[in-house]
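Listing of coords-v9.txt; format and content: compact mmCIF, C-alpha atoms.
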```txt
# COMPACT_ATOMS: atom_id res chain seq x y z
CA MET Y 1 46.31 -16.44 53.12
CA ALA Y 2 43.10 -18.45 52.84
CA PRO Y 3 40.11 -16.50 54.19
CA ASN Y 4 38.51 -19.52 55.88
CA PRO Y 5 41.02 -22.09 57.04
CA PRO Y 6 39.47 -25.53 57.51
CA VAL Y 7 38.44 -26.27 61.08
CA TYR Y 8 38.40 -29.78 62.43
CA TYR Y 9 36.24 -30.46 65.44
CA ASP Y 10 37.52 -32.81 68.05
CA THR Y 11 34.84 -35.42 68.55
CA VAL Y 12 37.03 -37.80 70.52
CA SER Y 13 36.55 -36.04 73.81
CA GLU Y 14 32.78 -36.33 73.43
CA THR Y 15 32.65 -40.00 72.61
CA THR Y 16 35.22 -41.68 74.84
CA THR Y 17 34.19 -43.39 78.00
CA ARG Y 18 34.76 -41.05 80.87
CA PRO Y 19 37.48 -42.24 83.24
CA GLY Y 20 36.14 -43.20 86.61
CA THR Y 21 32.87 -44.71 85.41
CA LEU Y 22 32.17 -48.38 85.97
CA VAL Y 23 32.29 -48.98 82.23
CA GLY Y 24 35.89 -47.83 82.25
CA MET Y 25 36.66 -49.96 85.30
CA LYS Y 26 35.79 -53.10 83.36
CA ARG Y 27 38.99 -52.61 81.40
CA LEU Y 28 40.92 -53.23 84.61
CA TRP Y 29 39.44 -56.71 85.05
CA THR Y 30 40.95 -58.50 82.06
CA PRO Y 31 43.21 -61.52 82.68
CA GLY Y 32 46.29 -59.42 82.03
CA TRP Y 33 45.15 -56.81 84.51
CA ILE Y 34 44.27 -59.36 87.19
CA VAL Y 35 47.85 -60.62 86.93
CA ARG Y 36 49.09 -57.06 87.33
CA HIS Y 37 46.91 -56.37 90.36
CA ALA Y 38 48.04 -59.63 91.97
CA ALA Y 39 51.69 -58.92 91.19
CA MET Y 40 51.36 -55.47 92.70
CA VAL Y 41 49.84 -56.81 95.92
CA VAL Y 42 52.41 -59.61 96.21
CA LEU Y 43 55.35 -57.28 95.60
CA VAL Y 44 54.10 -54.63 98.02
CA VAL Y 45 53.44 -57.15 100.78
CA ALA Y 46 56.81 -58.82 100.19
CA PHE Y 47 58.71 -55.53 100.17
CA LEU Y 48 56.99 -54.29 103.31
CA ALA Y 49 57.70 -57.61 105.01
CA LEU Y 50 61.36 -57.33 104.04
CA GLY Y 51 61.39 -53.78 105.40
CA TRP Y 52 59.89 -54.97 108.67
CA TRP Y 53 62.45 -57.77 108.85
CA GLN Y 54 65.21 -55.18 108.46
CA VAL Y 55 63.63 -53.06 111.20
CA SER Y 56 63.74 -56.04 113.53
CA ARG Y 57 67.36 -56.71 112.57
CA ALA Y 58 68.22 -53.06 113.18
CA ALA Y 59 66.50 -53.17 116.56
CA ALA Y 60 68.58 -56.23 117.40
CA GLY Y 61 71.73 -54.18 116.99
CA ASN Y 62 72.63 -54.44 113.31
CA ALA Y 63 73.01 -50.72 112.61
CA ILE Y 64 73.43 -51.13 108.85
CA SER Y 65 69.89 -52.48 108.64
CA TRP Y 66 68.40 -49.04 109.26
CA GLY Y 67 69.34 -48.14 105.69
CA TYR Y 68 67.67 -51.24 104.26
CA ALA Y 69 64.65 -50.62 106.48
CA ILE Y 70 64.18 -47.34 104.60
CA GLU Y 71 64.92 -48.77 101.15
CA TRP Y 72 62.32 -51.53 101.12
CA PRO Y 73 59.28 -49.33 101.83
CA VAL Y 74 60.49 -46.95 99.11
CA PHE Y 75 60.57 -49.82 96.62
CA ALA Y 76 57.07 -50.83 97.73
CA GLY Y 77 55.89 -47.29 97.14
CA PHE Y 78 57.47 -47.31 93.70
CA VAL Y 79 55.54 -50.46 92.79
CA VAL Y 80 52.28 -48.77 93.81
CA PHE Y 81 53.24 -45.69 91.80
CA VAL Y 82 53.89 -47.64 88.59
CA TRP Y 83 50.71 -49.66 89.08
CA TRP Y 84 48.63 -46.52 89.61
CA ARG Y 85 50.16 -44.88 86.56
CA GLU Y 86 49.26 -47.89 84.38
CA VAL Y 87 45.71 -47.82 85.74
CA ARG Y 88 45.36 -44.12 84.92
CA GLN Y 89 46.72 -44.63 81.42
CA THR Y 90 44.38 -47.53 80.72
CA LEU Y 91 41.35 -45.61 81.89
CA ARG Y 92 42.35 -42.55 79.90
CA ALA Y 93 42.85 -44.32 76.56
CA PRO Y 94 39.82 -44.32 74.25
CA SER Y 95 38.20 -47.74 74.44
CA ALA Y 96 38.11 -49.94 71.36
CA ASP Y 97 34.49 -51.06 71.76
CA ASP Y 98 32.75 -47.69 71.80
CA ALA Y 99 34.55 -46.18 68.82
CA PRO Y 100 32.67 -48.13 66.09
CA ALA Y 101 29.34 -47.78 67.89
CA THR Y 102 29.25 -44.02 67.60
CA ALA Y 103 30.59 -43.70 64.05
CA PRO Y 104 27.62 -45.05 61.99
CA ALA Y 105 25.04 -43.39 64.23
CA ARG Y 106 24.49 -40.61 61.70
CA PRO Y 107 20.90 -40.70 60.33
CA ALA Y 108 20.15 -40.89 56.62
CA ALA Y 109 20.04 -37.53 54.86
CA SER Y 110 16.50 -38.09 53.49
CA ASP Y 111 14.88 -35.64 55.89
CA PRO Y 112 16.71 -32.32 55.53
CA ALA Y 113 15.73 -31.07 58.99
CA THR Y 114 17.15 -34.00 60.93
CA ALA Y 115 20.13 -34.19 58.63
CA THR Y 116 21.09 -30.61 59.33
CA ARG Y 117 20.48 -31.02 63.02
CA ALA Y 118 22.64 -34.15 63.10
CA GLU Y 119 25.45 -32.39 61.29
CA VAL Y 120 25.61 -29.52 63.74
CA ARG Y 121 27.68 -30.52 66.70
CA ARG Y 122 28.70 -28.54 69.66
CA PRO Y 123 32.14 -27.14 68.85
CA VAL Y 124 34.49 -28.58 71.41
CA ARG Y 125 38.00 -27.93 70.36
CA ALA Y 126 39.39 -26.84 67.03
CA SER Y 127 42.80 -27.97 65.91
CA ARG Y 128 44.81 -25.59 63.83
CA VAL Y 129 46.49 -26.96 60.77
CA PRO Y 130 50.03 -25.78 60.08
CA ALA Y 131 50.44 -23.60 57.03
CA ALA Y 132 51.85 -25.27 53.94
CA THR Y 133 54.25 -22.44 53.25
CA ALA Y 134 57.61 -22.64 54.94
CA GLY Y 135 57.84 -19.91 57.53
CA PRO Y 136 60.80 -18.75 59.57
CA ASP Y 137 62.86 -21.76 60.57
CA ASP Y 138 62.78 -21.34 64.32
CA PRO Y 139 63.47 -24.66 66.10
CA ASP Y 140 62.08 -23.39 69.41
CA LEU Y 141 58.84 -22.35 67.77
CA ALA Y 142 58.60 -25.67 65.94
CA GLU Y 143 59.21 -27.55 69.17
CA TYR Y 144 56.56 -25.48 70.96
CA ASN Y 145 54.11 -26.15 68.14
CA ARG Y 146 54.85 -29.83 68.40
CA TYR Y 147 54.12 -29.64 72.12
CA LEU Y 148 50.82 -27.85 71.52
CA ARG Y 149 49.90 -30.37 68.83
CA TRP Y 150 50.61 -33.18 71.27
CA LEU Y 151 48.45 -31.55 73.94
CA ASN Y 152 45.65 -31.20 71.41
CA ASP Y 153 45.98 -34.79 70.25
CA ASN Y 154 45.88 -36.14 73.79
CA PRO Y 155 42.88 -34.65 75.55
CA GLY Y 156 43.06 -35.25 79.26
CA ALA Y 157 46.84 -35.60 79.27
CA ARG Y 158 48.81 -33.42 81.58
CA PRO Y 159 51.70 -31.28 80.35
CA GLY Y 160 54.05 -33.32 82.51
CA ASP Y 161 53.31 -36.39 80.39
CA TYR Y 162 54.75 -34.80 77.26
CA PRO Y 163 57.29 -37.33 75.94
CA GLY Y 164 59.46 -34.89 74.01
CA MET O 1 65.04 -37.99 75.17
CA GLY O 2 68.79 -37.69 74.69
CA ALA O 3 69.25 -36.30 78.17
CA ALA O 4 67.06 -39.00 79.68
CA LEU O 5 69.11 -41.65 77.92
CA THR O 6 72.33 -40.12 79.21
CA ARG O 7 70.98 -40.01 82.75
CA TYR O 8 69.95 -43.64 82.48
CA ARG O 9 73.30 -44.74 81.07
CA VAL O 10 75.30 -42.92 83.75
CA ILE O 11 73.32 -44.35 86.65
CA ALA O 12 73.21 -47.81 85.02
CA TRP O 13 76.97 -47.84 84.76
CA ILE O 14 77.43 -46.69 88.37
CA VAL O 15 74.96 -49.25 89.70
CA GLY O 16 76.55 -51.99 87.58
CA VAL O 17 80.01 -51.24 88.92
CA ALA O 18 78.76 -51.06 92.50
CA LEU O 19 76.98 -54.38 92.10
CA ILE O 20 80.11 -56.07 90.76
CA LEU O 21 82.20 -54.62 93.58
CA LEU O 22 79.64 -55.99 96.00
CA VAL O 23 79.36 -59.48 94.55
CA VAL O 24 82.86 -60.14 93.26
CA ILE O 25 84.93 -58.47 95.99
CA GLY O 26 82.66 -57.59 98.92
CA MET O 27 80.93 -60.90 99.45
CA PRO O 28 84.08 -63.07 99.35
CA LEU O 29 85.70 -60.63 101.79
CA LYS O 30 82.77 -60.85 104.17
CA TYR O 31 82.03 -64.55 104.07
CA GLY O 32 85.52 -65.83 103.32
CA PHE O 33 87.75 -63.47 105.25
CA ASP O 34 85.33 -62.06 107.84
CA ASN O 35 85.82 -58.48 106.66
CA PRO O 36 82.36 -56.96 106.12
CA VAL O 37 83.44 -53.35 105.62
CA LEU O 38 82.98 -53.34 101.84
CA VAL O 39 79.58 -55.00 102.01
CA GLU O 40 78.41 -52.50 104.61
CA THR O 41 79.48 -49.41 102.70
CA VAL O 42 78.97 -50.40 99.07
CA GLY O 43 75.86 -52.38 99.90
CA GLN O 44 74.11 -49.38 101.41
CA ALA O 45 75.22 -47.12 98.60
CA HIS O 46 74.09 -49.62 96.02
CA GLY O 47 70.62 -49.78 97.50
CA PHE O 48 70.10 -46.04 97.27
CA LEU O 49 71.77 -45.78 93.87
CA TYR O 50 69.43 -48.48 92.61
CA MET O 51 66.53 -46.20 93.52
CA LEU O 52 68.01 -43.58 91.21
CA TYR O 53 68.40 -46.28 88.58
CA LEU O 54 64.71 -47.14 88.90
CA VAL O 55 63.73 -43.49 88.55
CA ALA O 56 65.96 -43.01 85.50
CA ALA O 57 64.70 -46.20 83.85
CA PHE O 58 61.10 -45.19 84.55
CA ASP O 59 61.68 -41.74 83.11
CA LEU O 60 63.27 -43.14 79.97
CA ALA O 61 60.52 -45.75 79.55
CA ARG O 62 57.86 -43.05 79.84
CA ARG O 63 59.53 -40.81 77.27
CA ALA O 64 60.23 -43.66 74.83
CA GLY O 65 56.72 -45.06 75.24
CA TRP O 66 57.82 -48.55 76.21
CA PRO O 67 55.30 -51.17 77.23
CA LEU O 68 55.18 -52.09 80.91
CA LYS O 69 56.87 -55.44 80.36
CA ARG O 70 59.94 -53.94 78.76
CA MET O 71 60.22 -51.31 81.49
CA ILE O 72 60.10 -53.97 84.20
CA LEU O 73 62.66 -56.12 82.39
CA VAL O 74 65.06 -53.20 82.13
CA MET O 75 64.54 -52.42 85.82
CA LEU O 76 65.18 -56.04 86.81
CA ALA O 77 68.26 -56.22 84.59
CA GLY O 78 69.89 -53.69 86.89
CA THR O 79 69.88 -56.23 89.72
CA VAL O 80 71.90 -58.92 87.93
CA PRO O 81 75.69 -58.55 87.99
CA PHE O 82 77.26 -58.07 84.55
CA VAL O 83 73.87 -58.31 82.82
CA SER O 84 73.25 -54.66 83.69
CA PHE O 85 75.97 -53.59 81.25
CA TYR O 86 74.45 -55.66 78.48
CA ALA O 87 71.01 -54.21 79.27
CA GLU O 88 72.40 -50.70 79.09
CA ARG O 89 73.83 -51.42 75.62
CA ARG O 90 70.53 -52.87 74.45
CA VAL O 91 68.55 -49.94 75.81
CA SER O 92 70.83 -47.44 74.11
CA ALA O 93 70.42 -49.28 70.82
CA TRP O 94 66.61 -49.32 71.17
CA VAL O 95 66.29 -45.68 72.02
CA THR O 96 68.66 -44.38 69.37
CA ALA O 97 67.31 -46.70 66.64
CA VAL O 98 63.67 -45.60 66.67
CA ARG O 99 64.19 -41.87 66.58
CA PRO O 100 63.47 -40.36 63.20
CA GLU O 101 63.65 -36.67 64.06
CA PRO O 102 60.34 -35.10 62.98
CA ALA O 103 60.61 -32.27 60.50
CA PRO O 104 59.95 -28.86 62.00
CA GLU O 105 56.46 -27.52 61.37
CA PRO O 106 56.47 -23.82 60.72
CA VAL O 107 53.33 -21.85 61.35
CA ALA O 108 52.19 -19.06 59.11
CA PRO O 109 53.14 -15.57 60.24
CA ARG O 110 49.96 -13.66 60.96
```
Could you quickly redo this structure as structure tokens?
Amino acid sequence: MAPNPPVYYDTVSETTTRPGTLVGMKRLWTPGWIVRHAAMVVLVVAFLALGWWQVSRAAAGNAISWGYAIEWPVFAGFVVFVWWREVRQTLRAPSADDAPATAPARPAASDPATATRAEVRRPVRASRVPAATAGPDDPDLAEYNRYLRWLNDNPGARPGDYPG
Amino acid sequence: MGAALTRYRVIAWIVGVALILLVVIGMPLKYGFDNPVLVETVGQAHGFLYMLYLVAAFDLARRAGWPLKRMILVMLAGTVPFVSFYAERRVSAWVTAVRPEPAPEPVAPR
């Protein structure tokens, strides 16, 4: 086994825009997103209105409307849920405009002191590389490793978001 | 992924059949022959089953990494009689087509 396996530092979590800042919020004000916000509001208002209409029908004696009066608010809630999930995902994704800005920020290596200082970064998270040799062929272990790799590749993601 | 697809297909088929019962048999019975019993029973059931359909479609879309537009289209397809069956076939083809099973990654025994 190699004495010093290569260690890769995760710099993504240091450079992405933090979710919740106003810079991140700007991503939710593109034309596509304005359409989505408007569609969400229209659908929720329409579904709640339909639910209220069914409540009034039920109160007027149409017993079957009680069921529909429950269904429409649930659909409205589902719209809000999907909208909120899209918002979260958009804010969580690394933004395209800050990635190139941070990459060439490294100073020239003419001065050795600054060069060394620039090279040393705070170690955030090290990703392990899988060994090249074929180990025991355990599908559960491989699946678990895939899951851990996914968690490492997606900082900020919750385990429940794992697509596997 | 396979289980999510199966869940989606089962509920899509049930919702599709309920919708056809409702539109092809229930509505003529109610408005043509004044017999609303099928609309009242199947209609209620269809509404709640469609919620399950939405959840299953959402779950599958999340796992398959679909864009929002495709997810919404699949969800809306469940509301159109007969089209829901076609949508279910298309979805199955999509999901099974883009699945190259990744090779297992063994780790070194320490």
### Query
Can you list, as a PyMOL selection string, every protein, DNA or RNA residue that comes within 7 Å of range 44-53 of chain O when you count only C-alpha atoms, leaving out same-chain residues fewer than 2 positions away?
(chain Y and resi 67+71) or (chain O and resi 8+11-12+15+18-19+40-42+55-57)
Those selected residues, please, written with C-alpha atoms and delivered as a PDB file, in the frame of the given file.
```pdb
ATOM      1  CA  GLY Y  67      69.340 -48.140 105.690  1.00  0.00           C
ATOM      2  CA  GLU Y  71      64.920 -48.770 101.150  1.00  0.00           C
TER       3      GLU Y  71
ATOM      4  CA  TYR O   8      69.950 -43.640  82.480  1.00  0.00           C
ATOM      5  CA  ILE O  11      73.320 -44.350  86.650  1.00  0.00           C
ATOM      6  CA  ALA O  12      73.210 -47.810  85.020  1.00  0.00           C
ATOM      7  CA  VAL O  15      74.960 -49.250  89.700  1.00  0.00           C
ATOM      8  CA  ALA O  18      78.760 -51.060  92.500  1.00  0.00           C
ATOM      9  CA  LEU O  19      76.980 -54.380  92.100  1.00  0.00           C
ATOM     10  CA  GLU O  40      78.410 -52.500 104.610  1.00  0.00           C
ATOM     11  CA  THR O  41      79.480 -49.410 102.700  1.00  0.00           C
ATOM     12  CA  VAL O  42      78.970 -50.400  99.070  1.00  0.00           C
ATOM     13  CA  VAL O  55      63.730 -43.490  88.550  1.00  0.00           C
ATOM     14  CA  ALA O  56      65.960 -43.010  85.500  1.00  0.00           C
ATOM     15  CA  ALA O  57      64.700 -46.200  83.850  1.00  0.00           C
TER      16      ALA O  57
END
```
### Message
Between CA of Pro155 in chain Y and CA of His37 in chain Y, what is the distance in Å, rounded to a tenth?
### Response
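Computed distance, CA of Pro155 in chain Y to CA of His37 in chain Y, equals 26.6 Å.
Note that the spacing between CA of Phe47 in chain Y and CA of Trp72 in chain Y amounts to 5.5 Å.
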### Point-to-point distance from CA of Ile20 in chain O to CA of Ala69 in chain Y, Å rounded to tenths
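So the answer is 22.7 Å.
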### Task
Go through Y:Arg88, Y:Val79, Y:Gly160, Y:Tyr68 one by one, measure the shortest atom-to-atom distance of each to chain O using only C-alpha atoms, and give the residue with the smallest value.
Y:Tyr68
### Message
Let me make sure I understand: among O:Val17, O:Leu22, O:Ala64, O:Val91, which one has the smallest atom-to-atom distance to chain Y if we use all atoms listed in the file?
### Response
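When distances to chain Y are compared using all atoms listed in the file, the smallest one comes from O:Ala64.
Among the candidates Y:Thr90, Y:Ser56, Y:Asn62, Y:Asn145, the residue lying nearest to chain O is Y:Asn145 (atoms considered: only C-alpha atoms).
Nearest residue to chain O among Y:Gly156, Y:Ala58, Y:Ala93, Y:Arg36 is Y:Arg36, counting all atoms listed in the file.
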### Query
With distances taken over all atoms listed in the file, which of O:Leu29, O:Ile14, O:Leu5, O:Leu60 is nearest to chain Y?
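Residue with the minimum atom-to-atom distance to chain Y: O:Leu60.
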### Message
Just checking: using only C-alpha atoms, which residue out of O:Lys69, O:Arg9, O:Arg62, O:Arg89 ends up closest to chain Y?
### Response
O:Arg62
How big is the axis-aligned box around the listed atoms of range 145-163 of chain Y once 6 Å is added on each side, and where is its centre? Give both in Å to one decimal, as JSON.
```
{"center_x": 50.1, "center_y": -31.7, "center_z": 75.3, "size_x": 26.4, "size_y": 23.2, "size_z": 26.4}
```
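Residues within 12 Å of Gly2 in chain O, counting only C-alpha atoms and excluding same-chain residues fewer than 5 positions away, are Pro163 and Gly164 of chain Y; Arg7, Tyr8, Arg9, Asp59, Leu60, Arg63, Ala64, Ser92, Val95, Thr96, Arg99 and Glu101 of chain O.
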